[in-house]
Amino acid sequence: MELGEDPLDWLKLLKFAKKNLSVAGEFTVGDLPRLTEIASNSSDKIKVNYSFYVENDTIPCLDGEISLNIYLTCQRCLEALPLSLELDFSLAFVKNENQAEGLSEHLEIYLFEDEEQSLIDLISDEILLSIPMVPKHDIDCLSSFRENNNYEQGKENPFAVLKNINKPMRARSKNGSTKK
Ligand SMILES: [Zn+2]
């Protein structure tokens, strides 16, 4: 069953959840527009397994696994930076915050406000969240750039989604204040 292209609306979500629909599918990196902006290997596969189920009698949930190789650009030397990602996620879709009460802690609450939601977008979110904001080789690939914190210069930062985490200067001394 091809779900990727079909937008999910609330009724579909409920239906899939009640049926405990389980899908194994494949995309390519190029199928995910927001990934192609930062990845150079658009023809490589992304494997996705996901299953829908119902929690607390009414809440549609989605467990998923994503595995892919992605080639980013090292922000230090500007050469290719391959990453191998294996991700798990568990989402609970709610229409309002009240519905989130009493749900298992491991579920990430997803406020379903839009009329419909594409699965491709959900998968893109998960992948983008797992990618370092400033991808760099582990080794000191360009020693002249060592400890240079001017990440903002050069190309437009493709990780704008996560931008707030990278607050300049001021909040330096505080740790862990960016995540709740
Ligand atoms: Zn590098």
# chains A, B, ... in the order shown; residues from 1 in each chain; ligands from 1

call {"tool": "residues_around", "arguments": {"residues": "Asp57 of chain A", "least_positions_apart": "4", "cutoff": "12 Å", "atoms": "only C-alpha atoms", "output": "PyMOL selection string"}}
result
chain A and resi 14+17-18+53+61+99+102-103

call {"tool": "residues_near_ligand", "arguments": {"ligand": "ligand 1", "cutoff": "8 Å", "atoms": "only C-alpha atoms and all ligand atoms", "output": "tab-separated table (two decimals) with N, CA and C atoms, in the first residue's frame"}}
result
chain	number	residue	atom	x	y	z
A	73	THR	N	26.69	18.05	3.61
A	73	THR	CA	27.92	18.78	3.33
A	73	THR	C	28.54	19.20	4.65
A	74	CYS	N	29.76	18.80	4.85
A	74	CYS	CA	30.46	19.20	6.06
A	74	CYS	C	30.57	20.72	6.09
A	75	GLN	N	30.17	21.30	7.19
A	75	GLN	CA	30.16	22.76	7.26
A	75	GLN	C	31.54	23.33	7.59
A	76	ARG	N	32.52	22.44	7.71
A	76	ARG	CA	33.87	22.92	7.97
A	76	ARG	C	34.70	22.89	6.69
A	77	CYS	N	34.68	21.72	6.01
A	77	CYS	CA	35.53	21.61	4.83
A	77	CYS	C	34.71	21.64	3.53
A	78	LEU	N	33.38	21.60	3.67
A	78	LEU	CA	32.46	21.62	2.53
A	78	LEU	C	32.55	20.38	1.64
A	79	GLU	N	33.18	19.32	2.17
A	79	GLU	CA	33.18	18.04	1.45
A	79	GLU	C	31.98	17.22	1.92
A	80	ALA	N	31.74	16.10	1.21
A	80	ALA	CA	30.60	15.25	1.56
A	80	ALA	C	30.78	14.65	2.95
A	81	LEU	N	29.67	14.58	3.65
A	81	LEU	CA	29.66	14.01	4.99
A	81	LEU	C	28.56	12.95	5.03
A	136	LYS	N	29.37	18.18	10.71
A	136	LYS	CA	30.81	18.30	10.50
A	136	LYS	C	31.44	16.92	10.63
A	137	HIS	N	32.54	16.71	9.95
A	137	HIS	CA	33.31	15.50	10.14
A	137	HIS	C	33.78	15.40	11.58
A	138	ASP	N	33.87	14.17	12.08
A	138	ASP	CA	34.37	13.98	13.44
A	138	ASP	C	35.83	14.39	13.56
A	139	ILE	N	36.54	14.16	12.48
A	139	ILE	CA	37.95	14.51	12.51
A	139	ILE	C	38.12	16.00	12.22
A	140	ASP	N	39.29	16.48	12.51
A	140	ASP	CA	39.56	17.88	12.27
A	140	ASP	C	39.92	18.04	10.79
A	141	CYS	N	38.88	18.07	9.96
A	141	CYS	CA	39.10	17.96	8.52
A	141	CYS	C	39.74	19.21	7.92
A	142	LEU	N	39.64	20.28	8.61
A	142	LEU	CA	40.25	21.50	8.09
A	142	LEU	C	40.73	22.29	9.29

call {"tool": "closest_residue", "arguments": {"among": "A:Leu21, A:Ile127, A:Val94, A:Leu32", "to": "Glu113 of chain A", "atoms": "only C-alpha atoms"}}
result
A:Val94

call {"tool": "select_by_dssp", "arguments": {"residues": "segment 27-70 of chain A", "states": "strand (DSSP E or B)", "output": "count of residues only"}}
result
25

call {"tool": "atom_distance", "arguments": {"atom1": "atom CA of Ser43 of chain A", "atom2": "atom CA of Leu91 of chain A"}}
result
27.6 Å

call {"tool": "select_by_dssp", "arguments": {"residues": "segment 28-116 of chain A", "states": "helix (DSSP H, G or I)", "output": "PyMOL selection string"}}
result
chain A and resi 29-31+33-36+97-100

call {"tool": "write_last_selection", "arguments": {"atoms": "N, CA and C atoms", "output": "PDB file, in the first residue's frame"}}
result
ATOM      1  N   VAL A  29      15.655   9.489  -1.159  1.00  0.00           N
ATOM      2  CA  VAL A  29      15.941  10.786  -0.547  1.00  0.00           C
ATOM      3  C   VAL A  29      15.283  11.898  -1.370  1.00  0.00           C
ATOM      4  N   GLY A  30      15.299  11.703  -2.695  1.00  0.00           N
ATOM      5  CA  GLY A  30      14.726  12.703  -3.583  1.00  0.00           C
ATOM      6  C   GLY A  30      13.211  12.860  -3.480  1.00  0.00           C
ATOM      7  N   ASP A  31      12.552  11.871  -2.852  1.00  0.00           N
ATOM      8  CA  ASP A  31      11.105  11.983  -2.661  1.00  0.00           C
ATOM      9  C   ASP A  31      10.753  12.975  -1.563  1.00  0.00           C
ATOM     10  N   PRO A  33      11.247  16.490  -0.400  1.00  0.00           N
ATOM     11  CA  PRO A  33      11.769  17.771  -0.882  1.00  0.00           C
ATOM     12  C   PRO A  33      12.649  18.498   0.126  1.00  0.00           C
ATOM     13  N   ARG A  34      12.284  18.428   1.393  1.00  0.00           N
ATOM     14  CA  ARG A  34      13.077  19.169   2.381  1.00  0.00           C
ATOM     15  C   ARG A  34      14.431  18.519   2.614  1.00  0.00           C
ATOM     16  N   LEU A  35      14.562  17.249   2.273  1.00  0.00           N
ATOM     17  CA  LEU A  35      15.867  16.601   2.405  1.00  0.00           C
ATOM     18  C   LEU A  35      16.759  16.909   1.210  1.00  0.00           C
ATOM     19  N   THR A  36      16.148  17.024   0.059  1.00  0.00           N
ATOM     20  CA  THR A  36      16.984  17.250  -1.121  1.00  0.00           C
ATOM     21  C   THR A  36      17.692  18.601  -1.041  1.00  0.00           C
ATOM     22  N   GLU A  97      -4.881  19.798  23.276  1.00  0.00           N
ATOM     23  CA  GLU A  97      -3.947  19.410  24.336  1.00  0.00           C
ATOM     24  C   GLU A  97      -4.582  18.488  25.379  1.00  0.00           C
ATOM     25  N   ASN A  98      -5.861  18.696  25.621  1.00  0.00           N
ATOM     26  CA  ASN A  98      -6.514  17.879  26.647  1.00  0.00           C
ATOM     27  C   ASN A  98      -6.452  16.395  26.343  1.00  0.00           C
ATOM     28  N   GLN A  99      -6.509  16.097  25.063  1.00  0.00           N
ATOM     29  CA  GLN A  99      -6.495  14.681  24.681  1.00  0.00           C
ATOM     30  C   GLN A  99      -5.171  14.004  25.001  1.00  0.00           C
ATOM     31  N   ALA A 100      -4.160  14.819  25.194  1.00  0.00           N
ATOM     32  CA  ALA A 100      -2.839  14.254  25.451  1.00  0.00           C
ATOM     33  C   ALA A 100      -2.704  13.724  26.877  1.00  0.00           C
TER      34      ALA A 100
END

call {"tool": "residues_around", "arguments": {"residues": "Asp63 of chain A", "least_positions_apart": "2", "cutoff": "8 Å", "atoms": "only C-alpha atoms", "output": "PyMOL selection string"}}
result
chain A and resi 50-52+61+65+88-91

call {"tool": "residues_around", "arguments": {"residues": "Asp125 of chain A", "least_positions_apart": "3", "cutoff": "12 Å", "atoms": "only C-alpha atoms", "output": "list of chain:residue names"}}
result
A:Leu32, A:Pro33, A:Arg34, A:Leu35, A:Ile66, A:Leu87, A:Phe89, A:Leu91, A:Tyr110, A:Gln117, A:Ser118, A:Leu119, A:Ile120, A:Asp121, A:Leu122, A:Leu128, A:Leu129, A:Ser130, A:Ile131, A:Phe159, A:Val161, A:Leu162

call {"tool": "atom_distance", "arguments": {"atom1": "atom CA of Phe16 of chain A", "atom2": "atom CA of Gly64 of chain A"}}
result
13.9 Å

call {"tool": "closest_residue", "arguments": {"among": "A:Glu26, A:Leu72, A:His106, A:Asn96", "to": "Val134 of chain A", "atoms": "only C-alpha atoms"}}
result
A:Leu72

call {"tool": "atom_distance", "arguments": {"atom1": "atom CA of Ala24 of chain A", "atom2": "atom CA of Trp10 of chain A"}}
result
21.3 Å

call {"tool": "closest_residue", "arguments": {"among": "A:Thr28, A:Ser84, A:Ile38, A:Glu55", "to": "Met133 of chain A", "atoms": "only C-alpha atoms"}}
result
A:Ile38
